[in-house]
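K.L.:
Just so it is clear, I am handing over structure.txt, which has compact mmCIF, C-alpha atoms and all ligand atoms.
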# COMPACT_ATOMS: atom_id res chain seq x y z
CA ALA A 1 -98.88 22.35 170.54
CA ALA A 2 -98.84 18.84 169.06
CA ALA A 3 -95.27 18.31 170.27
CA LEU A 4 -96.23 19.50 173.76
CA ASN A 5 -99.25 17.21 173.88
CA ALA A 6 -97.08 14.29 172.82
CA TYR A 7 -94.60 15.18 175.57
CA VAL A 8 -97.32 15.21 178.22
CA ALA A 9 -98.69 11.88 176.99
CA ARG A 10 -95.24 10.25 176.97
CA ASN A 11 -94.22 11.33 180.45
CA PRO A 12 -96.95 10.62 183.02
CA GLY A 13 -94.38 9.50 185.59
CA SER A 14 -92.47 12.79 185.39
CA ALA A 15 -95.74 14.73 185.72
CA ALA A 16 -96.69 12.71 188.80
CA ALA A 17 -93.20 13.18 190.27
CA LEU A 18 -93.58 16.94 189.97
CA ASP A 19 -97.03 16.86 191.62
CA ARG A 20 -95.55 15.02 194.57
CA ALA A 21 -92.52 17.31 194.77
CA ARG A 22 -94.68 20.44 194.68
CA ARG A 23 -96.01 19.63 198.15
CA VAL A 24 -92.60 20.10 199.75
CA LEU A 25 -90.45 22.01 197.24
CA PRO A 26 -91.63 25.33 195.79
CA GLY A 27 -92.88 24.47 192.31
CA GLY A 28 -91.44 21.01 192.92
CA ASN A 29 -88.04 22.55 192.29
CA THR A 30 -84.78 23.23 194.09
CA ARG A 31 -82.73 24.43 191.09
CA THR A 32 -84.48 27.13 189.10
CA SER A 33 -82.41 26.33 186.00
CA LEU A 34 -84.03 22.88 185.83
CA TRP A 35 -87.53 24.23 185.25
CA SER A 36 -88.99 23.93 181.77
CA GLU A 37 -92.53 23.98 180.42
CA PRO A 38 -94.80 22.07 180.80
CA PHE A 39 -92.80 20.11 183.40
CA PRO A 40 -89.23 18.82 183.45
CA LEU A 41 -88.35 15.15 183.16
CA CYS A 42 -87.65 13.32 186.40
CA ILE A 43 -84.42 11.36 185.87
CA GLU A 44 -83.94 8.37 188.15
CA GLY A 45 -80.53 7.11 187.05
CA GLY A 46 -77.79 6.97 184.49
CA GLU A 47 -75.01 4.83 183.15
CA GLY A 48 -72.09 5.94 180.98
CA CYS A 49 -73.43 8.67 178.71
CA ARG A 50 -77.08 7.69 179.11
CA ILE A 51 -79.79 8.72 181.56
CA ARG A 52 -83.15 7.12 182.29
CA ASP A 53 -86.34 8.87 183.34
CA VAL A 54 -89.04 7.57 185.66
CA ASP A 55 -91.16 6.53 182.67
CA GLY A 56 -88.36 4.26 181.48
CA HIS A 57 -87.16 6.35 178.52
CA VAL A 58 -83.41 6.32 177.95
CA TYR A 59 -81.61 9.37 176.55
CA VAL A 60 -78.12 10.13 175.39
CA ASP A 61 -77.12 12.81 177.89
CA LEU A 62 -75.80 15.74 175.86
CA LEU A 63 -76.29 18.18 178.73
CA GLY A 64 -73.73 16.67 181.08
CA GLU A 65 -75.15 18.38 184.18
CA PHE A 66 -74.67 21.85 182.70
CA THR A 67 -70.91 21.09 182.20
CA ALA A 68 -70.28 19.52 185.64
CA GLY A 69 -70.99 15.96 184.50
CA ILE A 70 -67.86 15.56 182.40
CA PHE A 71 -67.19 11.99 183.61
CA GLY A 72 -70.48 10.41 182.58
CA HIS A 73 -72.66 8.67 185.12
CA SER A 74 -70.94 5.60 186.43
CA SER A 75 -67.17 5.81 186.40
CA PRO A 76 -65.74 2.74 188.18
CA VAL A 77 -62.52 4.68 188.80
CA LEU A 78 -64.34 7.44 190.67
CA ALA A 79 -66.52 4.91 192.47
CA LYS A 80 -63.38 3.18 193.78
CA ALA A 81 -61.78 6.49 194.82
CA LEU A 82 -64.91 7.34 196.81
CA ALA A 83 -65.16 3.90 198.39
CA ASP A 84 -61.48 4.00 199.39
CA ALA A 85 -61.85 7.48 200.87
CA HIS A 86 -64.91 6.38 202.80
CA ALA A 87 -63.10 3.33 204.13
CA ARG A 88 -60.28 5.56 205.43
CA GLY A 89 -62.85 7.46 207.50
CA ILE A 90 -64.68 10.68 206.71
CA ASN A 91 -65.49 13.86 208.68
CA LEU A 92 -62.03 13.84 210.26
CA SER A 93 -62.34 17.12 212.20
CA SER A 94 -59.01 18.55 211.03
CA HIS A 95 -56.59 19.00 208.15
CA THR A 96 -55.95 15.85 206.19
CA PRO A 97 -53.23 14.71 203.81
CA TYR A 98 -55.87 14.69 201.07
CA GLU A 99 -56.60 18.37 200.57
CA VAL A 100 -53.01 19.24 199.71
CA GLU A 101 -53.04 16.63 196.95
CA LEU A 102 -55.87 18.40 195.20
CA ALA A 103 -54.48 21.88 195.90
CA GLU A 104 -51.09 20.94 194.41
CA ARG A 105 -52.73 19.68 191.26
CA LEU A 106 -54.88 22.79 190.79
CA CYS A 107 -52.01 25.20 191.42
CA ALA A 108 -49.81 23.26 189.00
CA ARG A 109 -52.28 23.55 186.15
CA PHE A 110 -53.55 27.15 186.29
CA PRO A 111 -50.96 29.82 185.46
CA SER A 112 -52.74 32.28 187.79
CA MET A 113 -52.97 30.02 190.82
CA ASP A 114 -50.12 30.10 193.35
CA ARG A 115 -52.44 29.24 196.22
CA VAL A 116 -56.00 27.98 196.38
CA ARG A 117 -58.82 27.62 198.88
CA PHE A 118 -61.70 25.19 198.62
CA ALA A 119 -65.42 25.82 198.92
CA ASN A 120 -68.55 23.84 198.15
CA SER A 121 -69.82 25.50 195.00
CA GLY A 122 -68.81 27.85 192.22
CA THR A 123 -71.13 30.43 193.74
CA GLU A 124 -69.25 30.37 197.02
CA ALA A 125 -65.91 30.47 195.24
CA ASN A 126 -66.92 33.62 193.37
CA LEU A 127 -68.31 35.25 196.48
CA MET A 128 -65.02 34.62 198.28
CA ALA A 129 -62.87 35.79 195.36
CA VAL A 130 -64.80 39.04 195.09
CA THR A 131 -64.73 39.52 198.86
CA ALA A 132 -60.97 38.98 198.88
CA ALA A 133 -60.49 41.47 196.04
CA ARG A 134 -62.54 44.11 197.86
CA LEU A 135 -60.79 43.64 201.18
CA VAL A 136 -57.28 43.47 199.75
CA THR A 137 -57.67 46.47 197.42
CA GLY A 138 -59.74 48.42 199.96
CA ARG A 139 -62.13 49.35 197.16
CA GLY A 140 -65.83 48.71 196.73
CA THR A 141 -66.93 48.18 193.15
CA VAL A 142 -67.08 44.90 191.26
CA VAL A 143 -67.26 45.08 187.47
CA VAL A 144 -69.35 42.32 185.89
CA PHE A 145 -70.92 41.80 182.47
CA LYS A 146 -74.37 41.53 181.01
CA GLY A 147 -75.26 37.90 180.47
CA GLY A 148 -72.63 36.83 182.99
CA TYR A 149 -73.48 34.15 185.49
CA HIS A 150 -71.47 33.61 188.63
CA GLY A 151 -73.81 31.60 190.78
CA GLY A 152 -77.32 30.89 191.91
CA PHE A 153 -77.63 33.80 194.31
CA LEU A 154 -74.95 36.00 192.79
CA THR A 155 -76.82 37.02 189.69
CA PHE A 156 -75.77 40.68 189.40
CA GLY A 157 -77.64 42.44 186.62
CA GLY A 158 -76.98 40.23 183.64
CA GLY A 159 -78.44 36.81 184.26
CA GLY A 160 -81.58 38.08 185.99
CA SER A 161 -82.57 40.42 188.77
CA PRO A 162 -79.76 41.26 191.19
CA VAL A 163 -80.55 39.41 194.38
CA ASN A 164 -78.30 39.18 197.39
CA VAL A 165 -75.41 41.05 195.83
CA PRO A 166 -73.87 42.54 198.94
CA PHE A 167 -71.69 45.13 197.21
CA ASP A 168 -71.59 47.84 194.59
CA TYR A 169 -71.21 46.67 191.06
CA ALA A 170 -71.18 47.96 187.53
CA CYS A 171 -72.68 45.72 184.87
CA LEU A 172 -71.16 46.39 181.44
CA PRO A 173 -71.80 44.95 177.98
CA TYR A 174 -69.69 41.87 177.24
CA ASN A 175 -67.05 42.02 174.52
CA ASP A 176 -67.20 45.82 174.51
CA ILE A 177 -63.73 47.28 175.01
CA ASP A 178 -64.94 50.89 174.79
CA ALA A 179 -67.48 50.45 177.60
CA ALA A 180 -64.86 48.87 179.86
CA THR A 181 -62.34 51.59 179.04
CA ALA A 182 -64.91 54.30 179.81
CA GLU A 183 -65.88 52.67 183.13
CA PHE A 184 -62.25 52.55 184.25
CA ALA A 185 -61.63 56.11 183.08
CA ALA A 186 -64.60 57.35 185.13
CA HIS A 187 -64.35 55.17 188.25
CA GLY A 188 -61.00 53.34 188.06
CA ASP A 189 -59.99 54.22 191.61
CA LYS A 190 -63.14 52.62 193.04
CA ILE A 191 -62.96 49.33 191.13
CA ALA A 192 -61.79 46.40 193.26
CA CYS A 193 -62.03 43.76 190.56
CA VAL A 194 -63.37 42.68 187.22
CA LEU A 195 -65.16 39.33 187.41
CA VAL A 196 -65.53 37.80 183.97
CA GLU A 197 -66.19 34.45 182.31
CA PRO A 198 -63.80 33.78 179.41
CA MET A 199 -66.95 32.49 177.69
CA LEU A 200 -70.43 33.53 178.83
CA GLY A 201 -71.80 30.12 179.83
CA ALA A 202 -75.37 30.45 181.06
CA GLY A 203 -75.52 33.63 178.96
CA GLY A 204 -75.60 31.48 175.80
CA CYS A 205 -72.05 30.17 175.28
CA ILE A 206 -70.70 33.41 173.83
CA PRO A 207 -66.88 33.28 173.70
CA GLY A 208 -65.01 36.29 175.01
CA ALA A 209 -63.06 37.99 172.22
CA PRO A 210 -59.34 37.60 172.98
CA ASP A 211 -58.72 41.33 172.50
CA PHE A 212 -61.57 42.16 174.92
CA LEU A 213 -60.18 39.86 177.62
CA GLN A 214 -56.70 41.20 176.93
CA ALA A 215 -58.02 44.77 177.31
CA LEU A 216 -59.56 43.84 180.68
CA ARG A 217 -56.17 42.49 181.75
CA LYS A 218 -54.51 45.78 180.79
CA LEU A 219 -57.19 48.04 182.33
CA ALA A 220 -57.19 46.12 185.62
CA SER A 221 -53.39 46.29 185.86
CA GLU A 222 -53.24 49.99 185.01
CA HIS A 223 -55.84 50.88 187.63
CA GLY A 224 -54.74 48.55 190.43
CA ALA A 225 -57.83 46.34 190.22
CA PHE A 226 -57.80 42.54 190.20
CA LEU A 227 -58.83 40.57 187.14
CA ILE A 228 -60.78 37.46 188.19
CA PHE A 229 -61.54 34.78 185.62
CA ASP A 230 -64.59 32.71 186.49
CA GLU A 231 -63.48 29.42 184.94
CA VAL A 232 -66.18 27.34 186.60
CA GLN A 233 -67.21 26.20 183.12
CA THR A 234 -64.21 27.04 180.95
CA ALA A 235 -61.57 25.27 183.06
CA ARG A 236 -62.17 22.28 180.79
CA MET A 237 -60.92 24.13 177.68
CA SER A 238 -57.36 22.91 178.27
CA GLU A 239 -55.23 21.63 181.12
CA GLY A 240 -54.69 25.25 182.19
CA GLY A 241 -58.24 26.30 181.39
CA ALA A 242 -59.27 29.03 178.98
CA GLN A 243 -56.55 31.29 180.44
CA ALA A 244 -53.82 28.98 179.14
CA ARG A 245 -55.51 28.72 175.74
CA LEU A 246 -55.80 32.52 175.57
CA GLY A 247 -52.40 33.27 177.05
CA ILE A 248 -53.95 35.71 179.54
CA THR A 249 -53.15 35.36 183.23
CA PRO A 250 -55.71 36.82 185.62
CA ASP A 251 -54.90 37.73 189.23
CA MET A 252 -57.44 35.27 190.57
CA THR A 253 -59.37 32.32 189.19
CA THR A 254 -62.46 30.49 190.35
CA VAL A 255 -63.28 26.90 189.42
CA GLY A 256 -65.93 24.36 190.38
CA LYS A 257 -68.13 21.80 188.64
CA PHE A 258 -65.98 18.79 187.70
CA PHE A 259 -62.86 19.35 189.85
CA GLY A 260 -64.65 17.63 192.71
CA GLY A 261 -64.92 14.46 190.64
CA GLY A 262 -68.68 14.88 190.39
CA LEU A 263 -69.25 15.99 193.99
CA ALA A 264 -70.19 19.47 195.21
CA PHE A 265 -67.15 21.68 194.71
CA GLY A 266 -65.77 25.16 194.27
CA ALA A 267 -62.34 26.74 194.63
CA PHE A 268 -60.82 30.18 194.39
CA GLY A 269 -57.15 30.86 193.97
CA GLY A 270 -54.66 33.37 192.73
CA ARG A 271 -51.42 35.19 193.29
CA ALA A 272 -49.65 34.30 196.53
CA ASP A 273 -49.61 37.92 197.71
CA ILE A 274 -53.41 38.06 197.44
CA MET A 275 -54.25 34.60 198.73
CA ASP A 276 -51.85 34.80 201.67
CA HIS A 277 -54.24 37.27 203.25
CA PHE A 278 -56.13 34.10 204.18
CA ASP A 279 -53.14 32.73 206.14
CA PRO A 280 -54.62 32.38 209.64
CA SER A 281 -51.22 32.69 211.30
CA ARG A 282 -51.00 36.28 210.09
CA ALA A 283 -52.33 39.13 212.17
CA GLY A 284 -55.51 40.53 210.66
CA SER A 285 -55.94 37.67 208.21
CA LEU A 286 -59.17 37.23 206.25
CA PRO A 287 -61.53 34.59 207.62
CA HIS A 288 -62.85 31.83 205.42
CA ALA A 289 -64.34 28.67 206.89
CA GLY A 290 -66.67 25.89 205.79
CA THR A 291 -67.27 22.50 207.37
CA PHE A 292 -67.06 20.66 204.08
CA ASN A 293 -64.35 22.72 202.35
CA ASN A 294 -61.81 19.92 202.76
CA ASN A 295 -64.15 16.95 203.01
CA SER A 296 -62.16 13.89 202.14
CA LEU A 297 -64.69 12.41 199.70
CA THR A 298 -64.54 15.44 197.42
CA MET A 299 -60.77 15.79 197.80
CA ALA A 300 -60.21 12.13 196.88
CA ALA A 301 -62.64 12.19 193.97
CA GLY A 302 -61.06 15.39 192.68
CA VAL A 303 -57.53 13.98 192.75
CA THR A 304 -58.60 10.81 190.95
CA ALA A 305 -60.63 12.79 188.44
CA ILE A 306 -57.64 14.97 187.60
CA ASP A 307 -55.18 12.09 187.32
CA THR A 308 -57.49 9.83 185.35
CA TYR A 309 -59.66 12.07 183.24
CA LEU A 310 -58.75 15.75 183.28
CA THR A 311 -55.40 15.35 181.58
CA ALA A 312 -54.02 17.67 178.92
CA VAL A 313 -54.48 15.03 176.22
CA SER A 314 -58.08 14.17 177.14
CA LEU A 315 -59.15 17.78 177.50
CA ASP A 316 -57.63 18.73 174.15
CA ALA A 317 -59.40 15.79 172.54
CA LEU A 318 -62.72 16.76 174.13
CA TYR A 319 -62.24 20.35 172.97
CA ALA A 320 -61.56 19.20 169.41
CA ARG A 321 -64.57 16.89 169.44
CA GLY A 322 -66.78 19.79 170.54
CA GLU A 323 -65.43 22.09 167.83
CA THR A 324 -66.16 19.39 165.23
CA LEU A 325 -69.69 18.84 166.51
CA ARG A 326 -70.43 22.57 166.52
CA ALA A 327 -69.19 22.87 162.93
CA SER A 328 -71.31 19.87 161.90
CA LEU A 329 -74.41 21.33 163.52
CA THR A 330 -73.83 24.70 161.91
CA ALA A 331 -73.39 23.02 158.51
CA LEU A 332 -76.51 20.91 158.96
CA PHE A 333 -78.71 23.88 159.85
CA ALA A 334 -77.28 25.87 156.93
CA GLU A 335 -77.77 23.00 154.50
CA ARG A 336 -81.44 22.73 155.51
CA GLY A 337 -81.90 26.49 155.49
CA LEU A 338 -83.05 26.43 159.10
CA PRO A 339 -82.81 29.50 161.34
CA PHE A 340 -80.55 28.18 164.09
CA ARG A 341 -76.99 29.12 164.91
CA VAL A 342 -74.62 27.40 167.28
CA SER A 343 -72.22 29.29 169.52
CA GLY A 344 -69.65 27.99 171.96
CA MET A 345 -66.13 26.96 172.69
CA GLY A 346 -64.82 23.39 172.64
CA ALA A 347 -67.32 20.91 173.99
CA ILE A 348 -69.75 23.47 175.47
CA MET A 349 -72.22 24.92 173.00
CA ASN A 350 -75.63 26.50 172.65
CA ILE A 351 -78.14 26.22 169.83
CA HIS A 352 -79.87 29.58 169.28
CA PRO A 353 -83.04 30.11 167.26
CA ASP A 354 -82.70 33.04 164.88
CA SER A 355 -85.98 33.37 162.98
CA GLY A 356 -85.73 37.11 162.50
CA VAL A 357 -89.50 37.19 163.08
CA SER A 358 -90.12 37.58 166.82
CA ALA A 359 -88.89 36.42 170.19
CA GLU A 360 -92.06 34.35 170.50
CA MET A 361 -91.35 32.58 167.20
CA ASP A 362 -87.76 31.93 168.35
CA ARG A 363 -89.03 30.46 171.61
CA LYS A 364 -91.38 28.13 169.74
CA LEU A 365 -88.72 27.05 167.25
CA LEU A 366 -86.28 26.11 169.99
CA ALA A 367 -88.97 24.32 172.00
CA LEU A 368 -89.92 22.31 168.92
CA LEU A 369 -86.33 21.36 168.22
CA HIS A 370 -85.80 20.43 171.87
CA LEU A 371 -88.92 18.27 172.08
CA THR A 372 -88.25 16.66 168.69
CA MET A 373 -84.76 15.58 169.74
CA GLN A 374 -85.93 14.44 173.16
CA GLU A 375 -88.49 12.20 171.56
CA ARG A 376 -85.67 10.72 169.49
CA GLY A 377 -83.64 9.98 172.63
CA TYR A 378 -81.30 12.96 172.92
CA TYR A 379 -81.30 15.11 176.03
CA PHE A 380 -80.02 18.69 176.24
CA ALA A 381 -81.22 21.83 178.04
CA ALA A 382 -84.47 23.41 176.94
CA ARG A 383 -82.50 26.62 176.42
CA GLY A 384 -80.30 24.86 173.84
CA LEU A 385 -77.21 24.19 175.97
CA MET A 386 -75.09 21.10 175.37
CA ALA A 387 -71.91 20.02 177.18
CA LEU A 388 -70.19 16.85 176.05
CA SER A 389 -68.78 14.42 178.59
CA PHE A 390 -65.90 11.99 178.14
CA ALA A 391 -68.49 9.21 178.08
CA ILE A 392 -70.02 10.36 174.78
CA GLY A 393 -68.54 8.35 171.92
CA ASP A 394 -68.34 8.81 168.16
CA ASP A 395 -71.40 6.60 167.75
CA GLU A 396 -73.53 8.84 169.94
CA ILE A 397 -72.42 11.94 168.05
CA ALA A 398 -73.07 10.32 164.69
CA GLY A 399 -76.44 9.10 165.98
CA PHE A 400 -77.33 12.57 167.22
CA LEU A 401 -76.48 14.21 163.90
CA ALA A 402 -78.45 11.59 161.98
CA ALA A 403 -81.46 11.94 164.32
CA LEU A 404 -81.29 15.71 164.02
CA GLY A 405 -81.15 15.49 160.26
CA GLU A 406 -84.26 13.30 160.28
CA GLY A 407 -86.04 15.30 162.98
CA ILE A 408 -85.70 18.62 161.23
CA GLY A 409 -86.50 17.07 157.86
CA LEU A 410 -90.11 16.50 158.87
N1 LIG B 501 -69.84 30.46 187.45
C1 LIG B 501 -70.19 29.94 186.28
C2 LIG B 501 -69.53 30.43 185.03
C3 LIG B 501 -71.18 28.93 186.23
O1 LIG B 501 -71.55 28.41 185.05
C4 LIG B 501 -71.74 28.47 187.44
C5 LIG B 501 -72.76 27.40 187.43
O2 LIG B 501 -73.40 27.09 186.46
C6 LIG B 501 -71.33 29.05 188.63
C7 LIG B 501 -70.38 30.04 188.61
C8 LIG B 501 -71.92 28.64 189.92
O3 LIG B 501 -71.48 27.39 190.32
P1 LIG B 501 -72.36 26.51 191.32
O4 LIG B 501 -73.62 26.16 190.60
O5 LIG B 501 -71.50 25.34 191.65
O6 LIG B 501 -72.63 27.37 192.52
Would you write out, as structure tokens, the structure that this file holds?
P.N.:
Amino acid sequence: AAALNAYVARNPGSAAALDRARRVLPGGNTRTSLWSEPFPLCIEGGEGCRIRDVDGHVYVDLLGEFTAGIFGHSSPVLAKALADAHARGINLSSHTPYEVELAERLCARFPSMDRVRFANSGTEANLMAVTAARLVTGRGTVVVFKGGYHGGFLTFGGGGSPVNVPFDYACLPYNDIDAATAEFAAHGDKIACVLVEPMLGAGGCIPGAPDFLQALRKLASEHGAFLIFDEVQTARMSEGGAQARLGITPDMTTVGKFFGGGLAFGAFGGRADIMDHFDPSRAGSLPHAGTFNNNSLTMAAGVTAIDTYLTAVSLDALYARGETLRASLTALFAERGLPFRVSGMGAIMNIHPDSGVSAEMDRKLLALLHLTMQERGYYFAARGLMALSFAIGDDEIAGFLAALGEGIGL
């Protein structure tokens, strides 16, 4: 309660911003995931790895826009790419030379991607991938997993209540080979695809066990279903995403977040024989349109982002830095005898309270940790999620660990 009162007292500007927003946005909110009690901070700007709220507090941004903000907040390279693209003219009413540049780069890096199509969000990309799988296989059911998240309105059963899921689905426990085997044995001829994150992202950064993902590959192949990897978050795990790191090649892959260089983006791709159903010169081809699918600002920012930042060397370094931070956090909590564990893969991780007492106690422990670190100038999601960007340096990580050590020592 004391920490909450201090939060309210420190952030009058954010409280006022929410009051104003409530008049025109339900609950003052347009992204449910950004809600936290008693009210979220209103962030007015950022530079490098830091963000600034409307009350003038500056934070090291350890959330990195829920993994999308991998470039930090003010890349001059991306700014130039956007300015150049704008100067060439935008909204060009047709194909452009720019979309192929991005498509070539994506197909070159993901083992599963012979062809790709662009969309405007990861949600849309998943919706299109699943739709393609259902139409091409002529089957109805989509297999998804508890705790999985594939988009704001595509929540299936795991991440919340199933809203707007316009098809049959089976929601199975994650990392459970037996359950997947049983589902295929019972209904294999009805399953169009398995849609799976190589690591549950919003579900708490739980890595998929390699043998589980391998089993899904085998089951899908044996039963004529498509395996779709949702790599909207995990594409950053190596140049070829988590699939390259795992050595498992799905039939289709969806990506999003950072491949638009910080702009709204999604893409779905896969084997040529699947994706070529979208070839409009073919009789009976599948339709897929979208005014901004090939918008030249996103295409240009994406190409520059890939060439400048999303290289094999940088992504491997970011992955290693994340693994080191997660190990340091785990060691620090253990050393202090505090009931938190840290799960994740590479530079995406989640701190989980683990009091063994009650869910309510866990909730309070995490809220206290979150508020304590925020007061010390470190920003991550209230649910414990952190995603490092390239802009975070060794100093910020050292500072964070020191501040955490002090904060939890009180
Ligand atoms: N898939 C995964 C694994 C995600 O983490 C997200 C977003 O957090 C999405 C899909 C949806 O992407 P978008 O928010 O761009 O619609």
K.L.:
Tell me, as a list in words, which residues lie within 12 Å of Ser75 in chain A, counting all atoms listed in the file; anything in the same chain fewer than 4 positions away does not count.
P.N.:
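Everything that qualifies: Gly46, Glu47, Gly48, Cys49, Gly69, Ile70, Phe71, Ala79, Lys80, Ala81, Leu82, Gly261, Gly262, Ala301, Thr304, Ala305, Thr308, Tyr309, Ser389, Phe390 and Ala391 of chain A.
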K.L.:
With all atoms listed in the file counted and 8 Å as the cut-off, give the residues of chain A in contact with ligand LIG 501 (chain B), each with its shortest interatomic distance in Å and the pair that gives it, as JSON lines.
P.N.:
{"residue": "A:Phe66", "atom": "CA", "partner": "B:LIG501", "partner_atom": "O2", "distance": 6.6}
{"residue": "A:Thr67", "atom": "CA", "partner": "B:LIG501", "partner_atom": "O2", "distance": 7.8}
{"residue": "A:Asn120", "atom": "CA", "partner": "B:LIG501", "partner_atom": "O5", "distance": 7.3}
{"residue": "A:Ser121", "atom": "CA", "partner": "B:LIG501", "partner_atom": "O5", "distance": 3.8}
{"residue": "A:Gly122", "atom": "CA", "partner": "B:LIG501", "partner_atom": "O3", "distance": 3.3}
{"residue": "A:Thr123", "atom": "CA", "partner": "B:LIG501", "partner_atom": "O6", "distance": 3.6}
{"residue": "A:Glu124", "atom": "CA", "partner": "B:LIG501", "partner_atom": "O6", "distance": 6.4}
{"residue": "A:Ala125", "atom": "CA", "partner": "B:LIG501", "partner_atom": "O6", "distance": 7.9}
{"residue": "A:Asn126", "atom": "CA", "partner": "B:LIG501", "partner_atom": "C7", "distance": 6.9}
{"residue": "A:Gly148", "atom": "CA", "partner": "B:LIG501", "partner_atom": "C2", "distance": 7.4}
{"residue": "A:Tyr149", "atom": "CA", "partner": "B:LIG501", "partner_atom": "C1", "distance": 5.4}
{"residue": "A:His150", "atom": "CA", "partner": "B:LIG501", "partner_atom": "C7", "distance": 3.7}
{"residue": "A:Gly151", "atom": "CA", "partner": "B:LIG501", "partner_atom": "C8", "distance": 3.6}
{"residue": "A:Gly152", "atom": "CA", "partner": "B:LIG501", "partner_atom": "O6", "distance": 5.9}
{"residue": "A:Glu197", "atom": "CA", "partner": "B:LIG501", "partner_atom": "C2", "distance": 5.9}
{"residue": "A:Leu200", "atom": "CA", "partner": "B:LIG501", "partner_atom": "C2", "distance": 7.0}
{"residue": "A:Gly201", "atom": "CA", "partner": "B:LIG501", "partner_atom": "O1", "distance": 5.5}
{"residue": "A:Ala202", "atom": "CA", "partner": "B:LIG501", "partner_atom": "O1", "distance": 5.9}
{"residue": "A:Asp230", "atom": "CA", "partner": "B:LIG501", "partner_atom": "C2", "distance": 5.6}
{"residue": "A:Glu231", "atom": "CA", "partner": "B:LIG501", "partner_atom": "C2", "distance": 6.1}
{"residue": "A:Val232", "atom": "CA", "partner": "B:LIG501", "partner_atom": "C1", "distance": 4.8}
{"residue": "A:Gln233", "atom": "CA", "partner": "B:LIG501", "partner_atom": "C2", "distance": 5.2}
{"residue": "A:Thr234", "atom": "CA", "partner": "B:LIG501", "partner_atom": "C2", "distance": 7.5}
{"residue": "A:Thr254", "atom": "CA", "partner": "B:LIG501", "partner_atom": "N1", "distance": 7.9}
{"residue": "A:Val255", "atom": "CA", "partner": "B:LIG501", "partner_atom": "N1", "distance": 7.7}
{"residue": "A:Gly256", "atom": "CA", "partner": "B:LIG501", "partner_atom": "O5", "distance": 5.8}
{"residue": "A:Lys257", "atom": "CA", "partner": "B:LIG501", "partner_atom": "O5", "distance": 5.7}
{"residue": "A:Ala264", "atom": "CA", "partner": "B:LIG501", "partner_atom": "O5", "distance": 7.0}
{"residue": "A:Phe265", "atom": "CA", "partner": "B:LIG501", "partner_atom": "O5", "distance": 6.5}
{"residue": "A:Gly266", "atom": "CA", "partner": "B:LIG501", "partner_atom": "O5", "distance": 6.3}
K.L.:
Given 3 Å on each side, where is the centre and what are the edge lengths in Å to one decimal of the axis-aligned box enclosing the listed atoms of range 117-120 of chain A, as lines of an AutoDock Vina configuration file?
P.N.:
center_x = -63.7
center_y = 25.7
center_z = 198.5
size_x = 15.7
size_y = 9.8
size_z = 6.8
K.L.:
Record the distance separating CA of Leu318 in chain A and CA of Cys107 in chain A, expressed in Å with one decimal.
P.N.:
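So the answer is 22.0 Å.
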K.L.:
What is the CA of Phe380 in chain A to CA of Ile351 in chain A distance in Å?
P.N.:
10.1 Å
K.L.:
Choose the residue, out of A:Gly344, A:Gly28, A:Pro280, A:Gly405, that has the smallest atom-to-atom separation from Glu323 in chain A; count only C-alpha atoms.
P.N.:
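Ranked by minimum distance to Glu323 in chain A, first place goes to A:Gly344.
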K.L.:
Any idea what's packed within 12 Å of Asp307 in chain A, counting all atoms listed in the file, ignoring anything in its chain fewer than 4 positions away? Could you give it as a PDB file with C-alpha atoms, in the coordinates of the input?
P.N.:
ATOM      1  CA  VAL A  77     -62.520   4.680 188.800  1.00  0.00           C
ATOM      2  CA  LEU A  78     -64.340   7.440 190.670  1.00  0.00           C
ATOM      3  CA  ALA A  81     -61.780   6.490 194.820  1.00  0.00           C
ATOM      4  CA  GLU A 101     -53.040  16.630 196.950  1.00  0.00           C
ATOM      5  CA  LEU A 102     -55.870  18.400 195.200  1.00  0.00           C
ATOM      6  CA  ARG A 105     -52.730  19.680 191.260  1.00  0.00           C
ATOM      7  CA  LEU A 106     -54.880  22.790 190.790  1.00  0.00           C
ATOM      8  CA  ARG A 109     -52.280  23.550 186.150  1.00  0.00           C
ATOM      9  CA  GLU A 239     -55.230  21.630 181.120  1.00  0.00           C
ATOM     10  CA  PHE A 259     -62.860  19.350 189.850  1.00  0.00           C
ATOM     11  CA  GLY A 261     -64.920  14.460 190.640  1.00  0.00           C
ATOM     12  CA  ALA A 300     -60.210  12.130 196.880  1.00  0.00           C
ATOM     13  CA  ALA A 301     -62.640  12.190 193.970  1.00  0.00           C
ATOM     14  CA  GLY A 302     -61.060  15.390 192.680  1.00  0.00           C
ATOM     15  CA  VAL A 303     -57.530  13.980 192.750  1.00  0.00           C
ATOM     16  CA  THR A 311     -55.400  15.350 181.580  1.00  0.00           C
ATOM     17  CA  ALA A 312     -54.020  17.670 178.920  1.00  0.00           C
ATOM     18  CA  VAL A 313     -54.480  15.030 176.220  1.00  0.00           C
ATOM     19  CA  SER A 314     -58.080  14.170 177.140  1.00  0.00           C
TER      20      SER A 314
END
K.L.:
Please indicate the distance in Å from CA of Met386 in chain A to CA of Ser74 in chain A, rounded to one decimal place.
P.N.:
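Computed distance, CA of Met386 in chain A to CA of Ser74 in chain A, equals 19.5 Å.
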K.L.:
The residues within 12 Å of (-60.3, 33.4, 192.5), using all atoms listed in the file and the coordinates of the file, should be reported as number ranges by chain; which are they?
P.N.:
A: 107, 110, 112-119, 122-133, 150, 193-197, 226-232, 249-256, 266-272, 274-275
K.L.:
With all atoms listed in the file as the atoms that count, which of A:Pro111, A:Thr96, A:Tyr59, A:Ala347 lies nearest to Phe400 in chain A?
P.N.:
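Closest to Phe400 in chain A, using all atoms listed in the file: A:Tyr59.
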